[in-house]
Every structure is written in C-alpha cells, then in structure tokens.
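Asks: Structure file input10.cif (mmCIF, C-alpha atoms and all ligand atoms) right here:
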data_upload
#
loop_
_atom_site.label_atom_id
_atom_site.label_comp_id
_atom_site.auth_asym_id
_atom_site.auth_seq_id
_atom_site.Cartn_x
_atom_site.Cartn_y
_atom_site.Cartn_z
CA MET Z 28 -45.63 -52.22 -4.08
CA ALA Z 29 -43.39 -51.09 -6.96
CA ARG Z 30 -45.12 -47.73 -7.03
CA ASP Z 31 -44.81 -47.50 -3.23
CA ARG Z 32 -41.11 -48.13 -3.53
CA ARG Z 33 -40.67 -45.52 -6.28
CA THR Z 34 -42.55 -43.02 -4.12
CA PHE Z 35 -40.40 -43.98 -1.14
CA LEU Z 36 -37.20 -43.58 -3.14
CA LYS Z 37 -38.31 -40.14 -4.35
CA LEU Z 38 -39.25 -39.06 -0.83
CA SER Z 39 -36.10 -40.56 0.56
CA ALA Z 40 -34.02 -38.66 -1.98
CA LEU Z 41 -35.77 -35.42 -1.03
CA ALA Z 42 -35.07 -36.18 2.62
CA GLY Z 43 -31.42 -36.85 1.96
CA GLY Z 44 -32.04 -40.60 2.05
CA ALA Z 45 -32.94 -40.50 5.71
CA LEU Z 46 -36.39 -42.12 5.45
CA ALA Z 47 -37.17 -45.75 6.17
CA LEU Z 48 -40.29 -47.53 4.97
CA PRO Z 49 -42.71 -47.90 7.89
CA GLY Z 50 -42.51 -51.47 9.09
CA SER Z 51 -39.98 -52.30 6.39
CA THR Z 52 -37.58 -55.15 7.05
CA PHE Z 53 -33.83 -54.71 6.91
CA ALA Z 54 -33.79 -56.70 3.68
CA SER Z 55 -36.33 -54.47 1.98
CA ALA Z 56 -34.32 -51.41 2.96
CA GLN Z 57 -31.28 -53.13 1.46
CA GLN Z 58 -33.00 -53.74 -1.85
CA ALA Z 59 -33.24 -50.01 -2.40
CA HIS Z 60 -29.48 -49.67 -2.39
CA PRO Z 61 -27.63 -51.91 -4.87
CA SER Z 62 -27.66 -49.13 -7.49
CA ARG Z 63 -28.01 -46.52 -4.74
CA PRO Z 64 -30.49 -44.30 -6.64
CA ALA Z 65 -31.93 -42.79 -3.49
CA ALA Z 66 -28.59 -42.47 -1.86
CA ARG Z 67 -26.92 -40.32 -4.51
CA THR Z 68 -28.12 -37.18 -2.80
CA ALA Z 69 -27.59 -38.57 0.72
CA ARG Z 70 -24.67 -37.49 2.85
CA MET Z 71 -22.84 -39.54 5.44
CA LYS Z 72 -23.06 -38.38 9.04
CA LEU Z 73 -20.61 -39.59 11.69
CA THR Z 74 -21.57 -39.65 15.37
CA PHE Z 75 -19.63 -41.06 18.32
CA ARG Z 76 -19.91 -41.62 22.06
CA PRO Z 77 -17.68 -42.91 24.88
CA TYR Z 78 -18.35 -46.28 26.50
CA THR Z 79 -16.51 -48.19 29.23
CA LEU Z 80 -15.98 -51.94 28.97
CA GLU Z 81 -16.08 -53.81 32.27
CA LEU Z 82 -13.71 -56.77 32.37
CA LYS Z 83 -14.70 -60.10 33.92
CA HIS Z 84 -11.26 -60.49 35.51
CA VAL Z 85 -8.53 -58.05 36.48
CA PHE Z 86 -6.33 -58.12 33.39
CA THR Z 87 -2.58 -58.19 33.97
CA ILE Z 88 0.12 -58.14 31.33
CA ALA Z 89 3.84 -57.43 31.64
CA VAL Z 90 3.36 -53.65 31.82
CA SER Z 91 0.03 -53.04 33.63
CA SER Z 92 -3.18 -54.28 35.36
CA ARG Z 93 -6.74 -52.96 34.93
CA THR Z 94 -10.49 -53.75 35.34
CA THR Z 95 -11.96 -51.54 32.60
CA THR Z 96 -11.14 -50.52 29.04
CA PRO Z 97 -12.30 -47.20 27.58
CA VAL Z 98 -13.78 -47.34 24.08
CA VAL Z 99 -15.50 -44.94 21.71
CA LEU Z 100 -18.42 -46.22 19.62
CA THR Z 101 -19.10 -44.70 16.21
CA GLU Z 102 -22.02 -44.71 13.80
CA ILE Z 103 -22.15 -43.56 10.21
CA ALA Z 104 -25.69 -42.88 9.02
CA TYR Z 105 -26.41 -42.76 5.31
CA GLY Z 106 -29.54 -43.25 3.25
CA GLY Z 107 -31.45 -45.01 6.03
CA LEU Z 108 -28.58 -47.37 6.87
CA VAL Z 109 -26.15 -47.23 9.78
CA GLY Z 110 -22.59 -48.55 9.91
CA TYR Z 111 -21.15 -49.35 13.35
CA GLY Z 112 -17.57 -48.88 14.48
CA GLU Z 113 -15.44 -48.89 17.60
CA ALA Z 114 -12.13 -47.62 18.97
CA SER Z 115 -10.71 -49.58 21.90
CA MET Z 116 -8.04 -47.80 23.91
CA PRO Z 117 -6.15 -49.77 26.54
CA PRO Z 118 -4.25 -47.08 28.49
CA TYR Z 119 -0.74 -48.29 27.64
CA LEU Z 120 -1.25 -47.52 23.94
CA GLY Z 121 -1.56 -43.77 24.47
CA GLU Z 122 -4.99 -42.98 23.01
CA THR Z 123 -7.89 -41.91 25.23
CA GLN Z 124 -11.59 -41.18 24.79
CA GLU Z 125 -10.62 -37.49 24.73
CA THR Z 126 -8.00 -37.86 22.00
CA ALA Z 127 -10.40 -40.00 19.97
CA ALA Z 128 -13.19 -37.42 20.34
CA ALA Z 129 -10.80 -34.65 19.28
CA PHE Z 130 -9.77 -36.63 16.20
CA LEU Z 131 -13.30 -37.71 15.26
CA SER Z 132 -14.50 -34.11 15.53
CA LYS Z 133 -12.21 -33.30 12.60
CA VAL Z 134 -13.73 -35.98 10.36
CA ASP Z 135 -16.22 -34.58 7.85
CA LEU Z 136 -17.79 -37.39 5.87
CA SER Z 137 -20.53 -35.19 4.40
CA ARG Z 138 -18.23 -34.10 1.58
CA TYR Z 139 -17.97 -37.61 0.13
CA PRO Z 140 -20.79 -38.47 -2.28
CA ASP Z 141 -20.13 -42.22 -2.34
CA PRO Z 142 -19.43 -44.36 0.77
CA LEU Z 143 -17.95 -47.07 -1.44
CA GLN Z 144 -14.93 -44.88 -2.23
CA LEU Z 145 -13.19 -46.44 0.74
CA GLU Z 146 -9.63 -45.90 -0.51
CA THR Z 147 -10.13 -42.17 -1.08
CA ILE Z 148 -12.08 -41.51 2.09
CA LEU Z 149 -9.87 -43.51 4.43
CA ALA Z 150 -6.63 -42.15 2.95
CA ASP Z 151 -7.94 -38.63 3.62
CA ILE Z 152 -8.87 -39.55 7.19
CA ASP Z 153 -5.45 -41.10 7.79
CA ALA Z 154 -3.86 -37.84 6.61
CA LEU Z 155 -5.83 -35.70 9.10
CA ALA Z 156 -3.29 -36.33 11.88
CA PRO Z 157 -0.52 -38.80 12.68
CA GLY Z 158 -1.16 -41.60 15.20
CA ASN Z 159 -4.77 -41.97 16.41
CA GLN Z 160 -4.90 -45.53 15.06
CA ALA Z 161 -7.85 -46.62 17.19
CA ALA Z 162 -9.87 -43.49 16.37
CA LYS Z 163 -9.12 -44.04 12.69
CA ALA Z 164 -10.18 -47.67 13.05
CA ALA Z 165 -13.51 -46.54 14.51
CA VAL Z 166 -14.26 -44.63 11.28
CA ASP Z 167 -12.83 -47.38 9.06
CA ILE Z 168 -14.94 -50.11 10.69
CA ALA Z 169 -18.16 -48.09 10.56
CA LEU Z 170 -17.49 -47.21 6.91
CA HIS Z 171 -16.81 -50.85 6.01
CA ASP Z 172 -20.00 -51.84 7.82
CA LEU Z 173 -21.98 -49.25 5.88
CA ALA Z 174 -20.33 -50.15 2.55
CA GLY Z 175 -21.03 -53.85 3.10
CA LYS Z 176 -24.65 -53.05 3.88
CA LEU Z 177 -24.90 -50.97 0.69
CA MET Z 178 -23.55 -53.96 -1.25
CA ASN Z 179 -25.70 -56.30 0.87
CA ARG Z 180 -22.71 -58.61 1.43
CA PRO Z 181 -20.54 -59.47 4.40
CA TRP Z 182 -16.87 -58.52 4.12
CA TYR Z 183 -15.44 -62.05 4.12
CA ASP Z 184 -17.53 -62.56 0.98
CA ILE Z 185 -16.51 -59.24 -0.61
CA TRP Z 186 -12.86 -60.16 0.01
CA GLY Z 187 -13.40 -63.62 -1.49
CA PHE Z 188 -12.67 -65.62 1.67
CA ASP Z 189 -14.29 -68.96 2.52
CA LYS Z 190 -16.17 -68.66 5.80
CA SER Z 191 -15.79 -72.40 6.43
CA HIS Z 192 -12.03 -71.82 6.88
CA THR Z 193 -12.23 -69.86 10.13
CA PRO Z 194 -9.72 -70.98 12.78
CA TYR Z 195 -10.04 -71.70 16.47
CA THR Z 196 -9.39 -68.71 18.68
CA SER Z 197 -7.15 -68.81 21.70
CA PHE Z 198 -8.46 -67.71 25.07
CA THR Z 199 -6.20 -65.47 27.13
CA ILE Z 200 -5.18 -66.47 30.63
CA GLY Z 201 -3.87 -63.30 32.32
CA ILE Z 202 -1.01 -63.28 34.82
CA ASP Z 203 -2.37 -64.19 38.27
CA THR Z 204 -1.91 -66.38 41.32
CA PRO Z 205 -1.74 -70.16 40.67
CA ASP Z 206 -5.21 -70.75 42.14
CA VAL Z 207 -6.82 -68.08 39.95
CA VAL Z 208 -4.90 -69.30 36.89
CA ARG Z 209 -6.17 -72.85 37.45
CA GLN Z 210 -9.70 -71.48 37.84
CA LYS Z 211 -9.41 -69.47 34.60
CA VAL Z 212 -8.14 -72.55 32.74
CA ARG Z 213 -11.14 -74.57 33.94
CA GLU Z 214 -13.50 -71.75 32.87
CA ALA Z 215 -11.88 -71.87 29.41
CA ALA Z 216 -13.00 -75.49 28.83
CA GLU Z 217 -14.66 -74.51 25.51
CA TYR Z 218 -11.39 -73.23 24.03
CA LYS Z 219 -8.95 -75.54 22.26
CA ILE Z 220 -5.96 -73.18 22.53
CA LEU Z 221 -4.91 -71.08 25.52
CA LYS Z 222 -2.91 -67.87 25.33
CA VAL Z 223 -0.58 -66.99 28.17
CA LYS Z 224 0.90 -63.63 29.01
CA LEU Z 225 4.55 -64.01 29.94
CA GLY Z 226 7.43 -61.58 30.34
CA ARG Z 227 7.62 -61.41 34.13
CA ASP Z 228 9.69 -63.35 36.64
CA ASN Z 229 7.10 -66.15 37.06
CA ASP Z 230 6.95 -67.35 33.43
CA LYS Z 231 7.80 -71.00 34.13
CA GLU Z 232 5.43 -71.08 37.10
CA MET Z 233 2.58 -69.79 34.86
CA ILE Z 234 3.17 -72.50 32.26
CA GLU Z 235 3.59 -75.26 34.84
CA THR Z 236 0.42 -74.15 36.64
CA ILE Z 237 -1.54 -74.46 33.40
CA ARG Z 238 0.12 -77.77 32.59
CA SER Z 239 -1.03 -79.08 35.99
CA VAL Z 240 -4.62 -78.70 34.71
CA THR Z 241 -4.50 -79.26 30.93
CA ASP Z 242 -2.39 -80.46 27.97
CA LYS Z 243 -4.04 -78.07 25.49
CA PRO Z 244 -1.74 -76.20 23.11
CA ILE Z 245 -0.63 -72.81 24.42
CA THR Z 246 0.43 -69.65 22.64
CA ALA Z 247 2.79 -67.39 24.56
CA ASP Z 248 2.98 -63.60 24.52
CA ALA Z 249 6.02 -62.11 26.25
CA ASN Z 250 4.88 -58.52 25.55
CA GLN Z 251 8.55 -57.41 25.06
CA GLY Z 252 9.43 -58.84 28.47
CA TRP Z 253 12.69 -60.68 27.68
CA THR Z 254 15.73 -58.47 27.21
CA ASP Z 255 18.58 -60.99 26.81
CA LYS Z 256 18.67 -62.83 23.48
CA GLN Z 257 20.24 -66.04 24.83
CA LYS Z 258 17.75 -66.19 27.71
CA ALA Z 259 14.90 -65.54 25.27
CA LEU Z 260 16.10 -68.39 23.05
CA ASP Z 261 16.52 -70.74 26.03
CA MET Z 262 13.01 -69.88 27.17
CA ILE Z 263 11.57 -70.58 23.72
CA HIS Z 264 13.24 -74.03 23.72
CA TRP Z 265 11.75 -74.67 27.18
CA LEU Z 266 8.31 -73.60 25.94
CA LYS Z 267 8.53 -75.81 22.84
CA ASP Z 268 8.95 -78.84 25.08
CA ARG Z 269 5.67 -77.90 26.78
CA ASN Z 270 3.49 -77.78 23.65
CA VAL Z 271 3.65 -74.02 23.06
CA LEU Z 272 2.83 -73.13 19.42
CA PHE Z 273 4.61 -69.78 18.98
CA VAL Z 274 5.94 -66.81 20.93
CA GLU Z 275 4.64 -63.30 20.45
CA GLN Z 276 6.97 -60.29 20.81
CA PRO Z 277 9.69 -61.98 22.90
CA MET Z 278 11.94 -58.90 23.08
CA PRO Z 279 11.48 -55.10 23.20
CA LYS Z 280 10.17 -53.64 19.96
CA ASP Z 281 13.28 -51.54 19.30
CA VAL Z 282 15.56 -54.60 19.55
CA VAL Z 283 15.97 -55.68 15.92
CA ASP Z 284 19.32 -57.45 15.43
CA ASP Z 285 18.99 -59.59 18.57
CA MET Z 286 15.40 -60.41 17.64
CA ALA Z 287 16.50 -61.56 14.18
CA TRP Z 288 19.20 -63.66 15.90
CA VAL Z 289 16.56 -65.32 18.09
CA THR Z 290 14.20 -65.96 15.17
CA GLU Z 291 16.96 -67.54 13.09
CA ARG Z 292 17.59 -70.09 15.84
CA SER Z 293 14.11 -70.38 17.33
CA PRO Z 294 12.41 -73.79 17.30
CA LEU Z 295 9.06 -71.95 17.39
CA PRO Z 296 7.66 -69.20 15.14
CA THR Z 297 8.21 -65.69 16.51
CA ILE Z 298 5.40 -63.19 15.98
CA ALA Z 299 5.72 -59.39 15.85
CA ASP Z 300 3.07 -57.51 17.79
CA GLU Z 301 4.30 -54.25 19.33
CA PHE Z 302 6.95 -54.13 16.56
CA CYS Z 303 4.34 -54.34 13.79
CA GLN Z 304 1.67 -51.67 13.85
CA ARG Z 305 0.86 -50.72 10.26
CA LEU Z 306 1.48 -51.75 6.65
CA PRO Z 307 5.12 -50.52 6.30
CA ASP Z 308 6.01 -52.50 9.45
CA VAL Z 309 5.24 -55.81 7.71
CA ARG Z 310 8.27 -55.37 5.45
CA ARG Z 311 10.38 -54.30 8.45
CA ALA Z 312 9.33 -57.47 10.27
CA TYR Z 313 10.41 -59.71 7.37
CA GLY Z 314 13.60 -61.51 8.41
CA VAL Z 315 13.26 -60.33 12.00
CA PHE Z 316 10.16 -62.33 12.97
CA SER Z 317 8.47 -65.41 11.49
CA GLY Z 318 5.12 -63.63 11.33
CA ILE Z 319 2.97 -60.72 12.41
CA ASN Z 320 0.01 -60.09 14.68
CA ILE Z 321 -2.58 -57.89 12.95
CA LYS Z 322 -4.93 -55.87 15.14
CA LEU Z 323 -7.46 -53.37 13.82
CA MET Z 324 -6.65 -50.90 16.62
CA LYS Z 325 -3.03 -50.79 15.46
CA SER Z 326 -3.59 -50.95 11.70
CA THR Z 327 -6.20 -48.12 11.57
CA GLY Z 328 -8.89 -50.63 10.69
CA MET Z 329 -9.98 -53.21 8.15
CA ARG Z 330 -8.63 -51.56 5.00
CA GLU Z 331 -5.00 -51.60 6.09
CA ALA Z 332 -5.34 -54.88 8.01
CA HIS Z 333 -6.44 -56.57 4.79
CA LYS Z 334 -3.39 -55.16 2.98
CA MET Z 335 -1.08 -56.28 5.80
CA LEU Z 336 -2.51 -59.79 5.55
CA LEU Z 337 -1.89 -59.98 1.81
CA VAL Z 338 1.63 -58.52 2.02
CA ALA Z 339 2.62 -60.87 4.86
CA ARG Z 340 1.24 -63.82 2.92
CA SER Z 341 3.14 -62.78 -0.19
CA LEU Z 342 6.35 -62.70 1.89
CA GLY Z 343 5.68 -66.20 3.20
CA MET Z 344 5.15 -64.96 6.75
CA LYS Z 345 2.82 -66.36 9.37
CA VAL Z 346 -0.21 -64.25 10.28
CA MET Z 347 -2.14 -64.09 13.48
CA LEU Z 348 -5.11 -61.87 14.16
CA GLY Z 349 -5.36 -60.25 17.57
CA CYS Z 350 -7.50 -57.75 19.41
CA MET Z 351 -7.80 -55.53 22.45
CA THR Z 352 -10.68 -55.94 24.88
CA GLU Z 353 -13.44 -54.86 22.51
CA THR Z 354 -17.17 -55.32 22.00
CA SER Z 355 -18.40 -57.74 19.35
CA CYS Z 356 -18.40 -54.75 16.97
CA ALA Z 357 -14.62 -54.52 16.48
CA ILE Z 358 -14.16 -58.27 17.06
CA SER Z 359 -16.64 -59.06 14.29
CA ALA Z 360 -14.93 -56.58 11.97
CA ALA Z 361 -11.56 -58.30 12.49
CA SER Z 362 -13.03 -61.77 12.18
CA HIS Z 363 -13.79 -61.31 8.47
CA LEU Z 364 -10.05 -61.69 7.85
CA SER Z 365 -9.85 -64.87 9.88
CA PRO Z 366 -10.36 -67.45 7.08
CA MET Z 367 -6.92 -66.46 5.74
CA ILE Z 368 -4.82 -66.53 8.91
CA ASP Z 369 -2.79 -69.11 10.84
CA TRP Z 370 -3.90 -68.27 14.38
CA ALA Z 371 -6.64 -66.16 15.92
CA ASP Z 372 -6.69 -64.43 19.27
CA LEU Z 373 -10.15 -62.87 19.10
CA ASP Z 374 -11.42 -63.41 22.63
CA GLY Z 375 -11.75 -59.67 23.41
CA ALA Z 376 -15.55 -59.64 23.59
CA VAL Z 377 -15.85 -62.71 25.82
CA LEU Z 378 -13.53 -61.09 28.37
CA ILE Z 379 -16.05 -58.28 29.03
CA LYS Z 380 -19.31 -58.17 30.99
CA ASN Z 381 -21.16 -55.48 29.02
CA ASP Z 382 -20.96 -56.28 25.30
CA ILE Z 383 -23.63 -54.35 23.39
CA PHE Z 384 -23.30 -56.01 19.99
CA ALA Z 385 -23.99 -59.48 18.61
CA GLY Z 386 -22.18 -60.68 15.50
CA THR Z 387 -19.31 -63.11 15.14
CA THR Z 388 -19.51 -65.78 17.82
CA ILE Z 389 -17.20 -68.43 19.18
CA VAL Z 390 -18.67 -71.93 19.00
CA ASP Z 391 -16.70 -74.76 20.64
CA GLY Z 392 -13.67 -72.49 20.54
CA ARG Z 393 -13.95 -71.77 16.81
CA ILE Z 394 -14.79 -68.44 15.13
CA LYS Z 395 -18.24 -68.45 13.52
CA LEU Z 396 -18.95 -65.60 11.13
CA SER Z 397 -22.34 -63.97 10.82
CA ASP Z 398 -24.03 -63.97 7.39
CA LYS Z 399 -25.37 -60.46 7.86
CA PRO Z 400 -24.00 -57.78 5.51
CA GLY Z 401 -21.14 -55.45 6.41
CA ILE Z 402 -19.33 -56.52 9.56
CA GLY Z 403 -22.39 -58.58 10.47
CA VAL Z 404 -23.42 -57.07 13.79
CA THR Z 405 -26.65 -55.99 15.45
CA LYS Z 406 -27.08 -54.00 18.63
CA THR Z 407 -28.25 -56.03 21.60
CA THR Z 408 -30.90 -55.26 24.20
CA LEU Z 409 -28.25 -54.06 26.62
CA SER Z 410 -27.36 -51.25 24.22
CA ARG Z 411 -30.88 -49.79 24.49
CA THR Z 412 -31.11 -49.78 28.28
MG MG L 1 0.70 -59.30 22.01
#
What does this structure look like when you write it as structure tokens?
Ligand code: MG
Replies:
Amino acid sequence: MARDRRTFLKLSALAGGALALPGSTFASAQQAHPSRPAARTARMKLTFRPYTLELKHVFTIAVSSRTTTPVVLTEIAYGGLVGYGEASMPPYLGETQETAAAFLSKVDLSRYPDPLQLETILADIDALAPGNQAAKAAVDIALHDLAGKLMNRPWYDIWGFDKSHTPYTSFTIGIDTPDVVRQKVREAAEYKILKVKLGRDNDKEMIETIRSVTDKPITADANQGWTDKQKALDMIHWLKDRNVLFVEQPMPKDVVDDMAWVTERSPLPTIADEFCQRLPDVRRAYGVFSGINIKLMKSTGMREAHKMLLVARSLGMKVMLGCMTETSCAISAASHLSPMIDWADLDGAVLIKNDIFAGTTIVDGRIKLSDKPGIGVTKTTLSRT
C-alpha cells in the first residue's frame, strides 16, 4: 500500500495533483496532504455557476418582498480536493449574478503555489475591485474549505473554538398578515428564539400577534425603519416589556449621533447591521451601538469575519452572527464562528426549498457543527439531479 501511495503521489504530481486513488475514501485522499508533497506542483482552479434559491415563504422586510434569492456557487479544485463557496445576493444589496461573474472572472488562483497563504491570496482578491463583498466571500469560503481540507481540520478547531459552545439560532418571522404570522410561529416550534422584522407601521401588531401564540424570547430587526430617535427609544422600551432581547439597526445607517443617543439610553442592546459591513466599521460602531451583526456576505467572507469578531470582543461589544438566505454552504462557513458569539441568526438554509449542501444543522433550535474538515459540507443528492 505504501508503494501504491508513493506511485500515486508521483503520478498525481505529474498530473498537477488532479488524480484521485480509484475507490479511495475521502480520508485516504486527505492523508496525502498534511505535508502536501503531491500538491506542491498543483495549481488552484476556480469555477463558478449561478443558482437560484427558492424561498418557502414570500420574504418581506422593511424595504422589499421576494420569493427567490440569486446566488453564485464556487468551487476551488486543487490536488484532488475541492473547496466549496457561495455568494448570496439579495437584490437590495446591489450585487447580482452578473456582477459576481464579472468579478470572479478576474480571479486567477493559479498563480498561488500554496492555498494555505490565505492572508496573501485574499488580500490580493480584495484589492481587485472595490465592493463585490458577496463575490469575494464566495472565493474566501471556498478557499477556507480547501485549506481546512488540506489541514484535515474543521475551521472551529483551527480557530481554537469549542464546538460545544454553539448557541441557539433565532428563526425569522417575516412581515405578513396576522394569520400567516401565527402559522409561521407554530411552524417554528423547534426554535427557542424568534426574530421579527420590524420597521413598518404595524410593528406593535406584529409583536402582539406573536405574543398571542408564544412567550418565547424575540429578537427585533428594524432594518433602519425608525427615523425619530425619541420614537425609536420609546419603541425599544415597549419591546423590552415584551421579552425582546435586543434591537438590530433601529435607525438609518447614516444616522450616527442620534443612534448613539438611543444606545446610551436604551434598556436593550442595540446591534449594528447595515451600519457595520467590514472590519473598519467595527471601530466606527463602538460607542454608537452595543454590538455588531457579522455576516459573511458583508465582510467578504470568513477571514475578515473572524477578525471582526475578535476586534468587537476586544472592545467589549456584543456580537451576533447573521446571514442572507443561503444554502448550507455559506451557513456552515459562518457557523464555525458561532461558539464565540452572543446570538446567532443562521436560519438562512432552512428558509429555502432547494438546499444542495449538508453541513451544519440545527437540532432543537441549536447550531450543531459538522466534524468534517474545512467548512464541513458535502453536496446532497439534489445537487446532482
Ligand atoms: Mg438585520
């Protein structure tokens, strides 16, 4: 067997690392990589394709309604391994499948000899063009998946996090008629915390409708919907009396002084979402909000999200981890940060009908990380049909 493996490694090196042992298990392919002898001559190859997520319910927030979410799925092949990634692009954020394809076409990973040089590679990719956070995340996630597979370790383990410390995730109840809201709350029986989208003229009705069905804790997301600081503060007091845990982005993202005024007086933590996109925004949010909401599609992926988490923690800020509607690929990638956060809102994959990955799951409302290396996902049967 040892000779077979040496022969395989030699052949694999000649083939640019693209061979796999016939009938070999994933684990045996992994064993060839810790010192990466065969991979030294391999080159990374990025491919991508569009995919449309179908939502189980019409999804309404303060600024829009929709039934689908466009995504782009990425793969980075290297030395017989494949890393998976994803860009999710809800229309209101400005990226599309076309802009992602245009950005990804500029990415040339073949010039990097070592996939583990994440800092160098991802800094170069970030510098290719401004914006494009979701497209950048699609490369970042696939590269982290590949790097974790090369190290044969999942990312929570590489980062030194304890997987037994994962939190419960909230389940989002979109804005809807009282009957549909009550139905959605009943369907969410598994979840211990509900998330409610506010910021329209029926905010109190939404909360009271939910409270007519359950006493579960609620997290509220105003999506910038409240424009008057005194009204925002009054609303937060009203929400506190109804077992709401915190309020996400109460006021428009360009309102800073009034937001700091609200936070100073707020009986509940205030969390920056639209205000806080990337690493420099964490420092900007300090003193204006109580905490930040980290999302891979804003942060350009796992590398910067991890830094945002550590910076926010060092500033004594609260941290929540959020998502767009995404497959279990991007949700699993984000979930590796979850042992170190206060609150999770990682229900994006359970809101869709056509997930094509299996990885991190939600068990009795709590995030359960996969032990598989990288971001811990596998493609499901649906992905091959
Ligand atoms: Mg939000």
Asks: Taking only residues of chain Z that have an atom at most 8 Å from an atom of ligand MG 1 (chain L), what is each one's shortest atom pair and its distance in Å to one decimal, using all atoms listed in the file, in chain and number order, as a Markdown table?
Replies:
| residue | atom | partner | partner_atom | distance |
| --- | --- | --- | --- | --- |
| Z:Asp248 | CA | L:MG1 | MG | 5.5 |
| Z:Ala249 | CA | L:MG1 | MG | 7.4 |
| Z:Asn250 | CA | L:MG1 | MG | 5.5 |
| Z:Glu275 | CA | L:MG1 | MG | 5.8 |
| Z:Gln276 | CA | L:MG1 | MG | 6.5 |
| Z:Ala299 | CA | L:MG1 | MG | 7.9 |
| Z:Asp300 | CA | L:MG1 | MG | 5.2 |
| Z:Glu301 | CA | L:MG1 | MG | 6.8 |
| Z:Asn320 | CA | L:MG1 | MG | 7.4 |
| Z:Gly349 | CA | L:MG1 | MG | 7.6 |
Asks: Near Glu217 in chain Z, within 12 Å and counting only C-alpha atoms, which residues show up once chain neighbours fewer than 6 positions away are dropped, as a list in words?
Replies: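 Selected residues are Tyr195, Thr196, Ser197, Phe198, Lys211, Lys243, Asp374, Val377, Ile389, Val390, Asp391, Gly392 and Arg393 of chain Z.
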Asks: Pick from Z:Lys334, Z:Arg93, Z:Arg292, Z:Arg213: nearest to Arg305 in chain Z, with all atoms listed in the file counted?
Replies: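 Comparing Z:Lys334, Z:Arg93, Z:Arg292, Z:Arg213 against Arg305 in chain Z, the winner is Z:Lys334.
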Asks: Quick one: distance from CA of Leu221 in chain Z to CA of Leu80 in chain Z in Å, one decimal?
Replies: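 Computed distance, CA of Leu221 in chain Z to CA of Leu80 in chain Z, equals 22.4 Å.
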Asks: How would you write as a ChimeraX atom specification the residues that get within 7 Å of (0.3, -68.8, 35.2) in the file's frame, counting all atoms listed in the file?
Replies: /Z:202-205,208,232-234,236-237
Asks: Identify which of the residues Z:Lys280, Z:Ala174, Z:Thr126, Z:Pro244 lies closest to Glu146 in chain Z, counting all atoms listed in the file when measuring atom-to-atom distances.
Replies: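 So, comparing all the options, the nearest one is Z:Ala174.
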Asks: How close does each residue of range 344-391 of chain Z get to range 162-169 of chain Z, giving the shortest atom pair and distance in Å to one decimal for every residue with an atom at most 10 Å away, counting all atoms listed in the file, sorted by chain and residue number, as a tab-separated table?
Replies:
residue	atom	partner	partner_atom	distance
Z:Cys356	CA	Z:Ile168	CA	8.5
Z:Ala357	CA	Z:Ile168	CA	7.3
Z:Ser359	CA	Z:Ile168	CA	9.8
Z:Ala360	CA	Z:Ile168	CA	6.6
Z:Ala361	CA	Z:Ile168	CA	9.0
Asks: Determine, counting only C-alpha atoms, which protein, DNA and RNA residues have an atom within 9 Å of an atom of Thr254 in chain Z; residues of the same chain fewer than 4 positions away are not included. Present the result as a list in words.
Replies: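 Non-adjacent residues within range: Lys258, Ala259, Pro277, Met278, Pro279 and Val282 of chain Z.
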Asks: Taking 3 positions as the minimum chain separation for residues in the same chain, which residues sit within 8 Å of Asp369 in chain Z when counting only C-alpha atoms? Answer as number ranges by chain.
Replies: Z: 194, 345-347
Asks: Counting all atoms listed in the file, which residue out of Z:Arg138, Z:His363, Z:Arg238, Z:Lys176 sits closest to Gly401 in chain Z?
Replies: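 For Gly401 in chain Z, the nearest of the candidates is Z:Lys176.
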Asks: Taking 6 positions as the minimum chain separation for residues in the same chain, which residues sit within 8 Å of Ser365 in chain Z when counting only C-alpha atoms? Answer as a VMD selection string.
Replies: chain Z and resid 192 to 194 348 371
Asks: Next, the residues of the selection above should be written as a short mmCIF file (atom, residue, chain, number, x, y, z; two decimals), in the frame of the given file with C-alpha atoms.
Replies:
data_model
loop_
_atom_site.label_atom_id
_atom_site.label_comp_id
_atom_site.auth_asym_id
_atom_site.auth_seq_id
_atom_site.Cartn_x
_atom_site.Cartn_y
_atom_site.Cartn_z
CA HIS Z 192 -12.03 -71.82 6.88
CA THR Z 193 -12.23 -69.86 10.13
CA PRO Z 194 -9.72 -70.98 12.78
CA LEU Z 348 -5.11 -61.87 14.16
CA ALA Z 371 -6.64 -66.16 15.92
#
Asks: How many Å separate CA of Arg209 in chain Z from CA of Ile358 in chain Z?
Replies: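 Going from CA of Arg209 in chain Z over to CA of Ile358 in chain Z covers 26.3 Å.
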